[in-house]
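S.K.: Just passing along the structure, written as structure tokens.
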Amino acid sequence: MMAEKRDLIIQCIRTFQDFPTKGIPFKDICPILKNPEALTAVTDLFEEYVRNTHPHVDLIVGLDARGFLFGPLLAQRLGVGFALVRKKGKLPGPTLSVSYSLEYGQAEAEMQEDAVSPGQKVLIIDDLLATGGTLYAACELVKQQRAEVLSCLVVVELKSLNGADKLKQTSVFSIVQY
């Protein structure tokens, strides 16, 4: 059953060469969102991993913007809250921020100061792990709030870019690896 779900997800992922810049093979997960069975399969596989590996979770943190698509679905299934990590300047109120490198530039991520409570057990979710910069920044933001990052969850991991290495002791669960 798990293999069938993974196969369906793989069928829905498209590659666009040279996007957003030359030399980048962009993995497009938009067809997953158009296919209710594939979207359910993603949520099922994330839920199964979490229930088997991290039975006590307090909060799901999703990364701007595609983590916002998968995170609330998983949070709802687990009966926990959801918080946002956004690009700098997109959140109101007091925020914390971290700078990081992307495979094609520099960026800054931020989170509202009260988004995570000290001691909470947190999962961070996004669509893709490439060089690890965005997930690393999200982990740092959660740690600044004295919470525990249990794991990072992604739909797609680009293994050749070694992004998981940047996350050090944080485990990564990826549904599909290229």
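The chains in the structure tokens are called A, B, ... from first to last as shown; in each chain the residues are counted from 1, and the ligands are counted from 1 in the order shown.
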Tell me, as a ChimeraX atom specification, which residues lie within 9 Å of A:Arg77, counting only C-alpha atoms; anything in the same chain fewer than 3 positions away does not count.

M.R.: /A:43,47,72-74,80

S.K.: Just list as a PyMOL selection string whatever in stretch 17-175 of chain A DSSP marks as alpha helix (DSSP H).

M.R.: chain A and resi 30-34+36-53+67-78+133-144+163-166

S.K.: Using only C-alpha atoms, find the one residue out of A:Gln177, A:Ser97, A:Asn35, A:Asn162 that sits nearest to A:Gln144.

M.R.: A:Ser97

S.K.: Near A:Thr15, counting only C-alpha atoms, which residues have an atom at most 7 Å away, once you skip same-chain residues fewer than 6 positions from it, shown as a list in words?

M.R.: Pro25, Phe26, Lys27 and Asp28 of chain A

S.K.: Using only C-alpha atoms, determine which residues lie at most 12 Å from A:Val85, disregarding the query and same-chain residues fewer than 2 positions distant; provide the list as a PyMOL selection string.

M.R.: chain A and resi 60-68+71+82-83+87-91+95-98+108-113+115-116+124-126+134-142

S.K.: Using only C-alpha atoms, which residues sit within 8 Å of A:Val122 once same-chain residues fewer than 3 positions away are excluded, as a PyMOL selection string?

M.R.: chain A and resi 57-61+142+147-151

S.K.: Distance atom CA of A:Val176-atom CA of A:Ala130, one decimal place?

M.R.: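 Between these atoms lies a distance of 12.4 Å.
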
S.K.: Can you work out which one of A:Val155, A:Leu33, A:Ala107, A:Ala75 has the shortest atom-to-atom distance to A:Leu123, counting only C-alpha atoms?

M.R.: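 Among the listed residues, the smallest separation from A:Leu123 belongs to A:Ala75.
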
S.K.: Which of these residues is nearest to A:Arg146, using only C-alpha atoms: A:Gly119, A:Gly163, A:Phe19, A:Thr170?

M.R.: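 For A:Arg146, the nearest of the candidates is A:Gly119.
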
S.K.: Based on DSSP run over this structure's backbone, return all residues of stretch 41-86 of chain A in strand (DSSP E or B), as a PyMOL selection string.

M.R.: chain A and resi 59-63+81-86
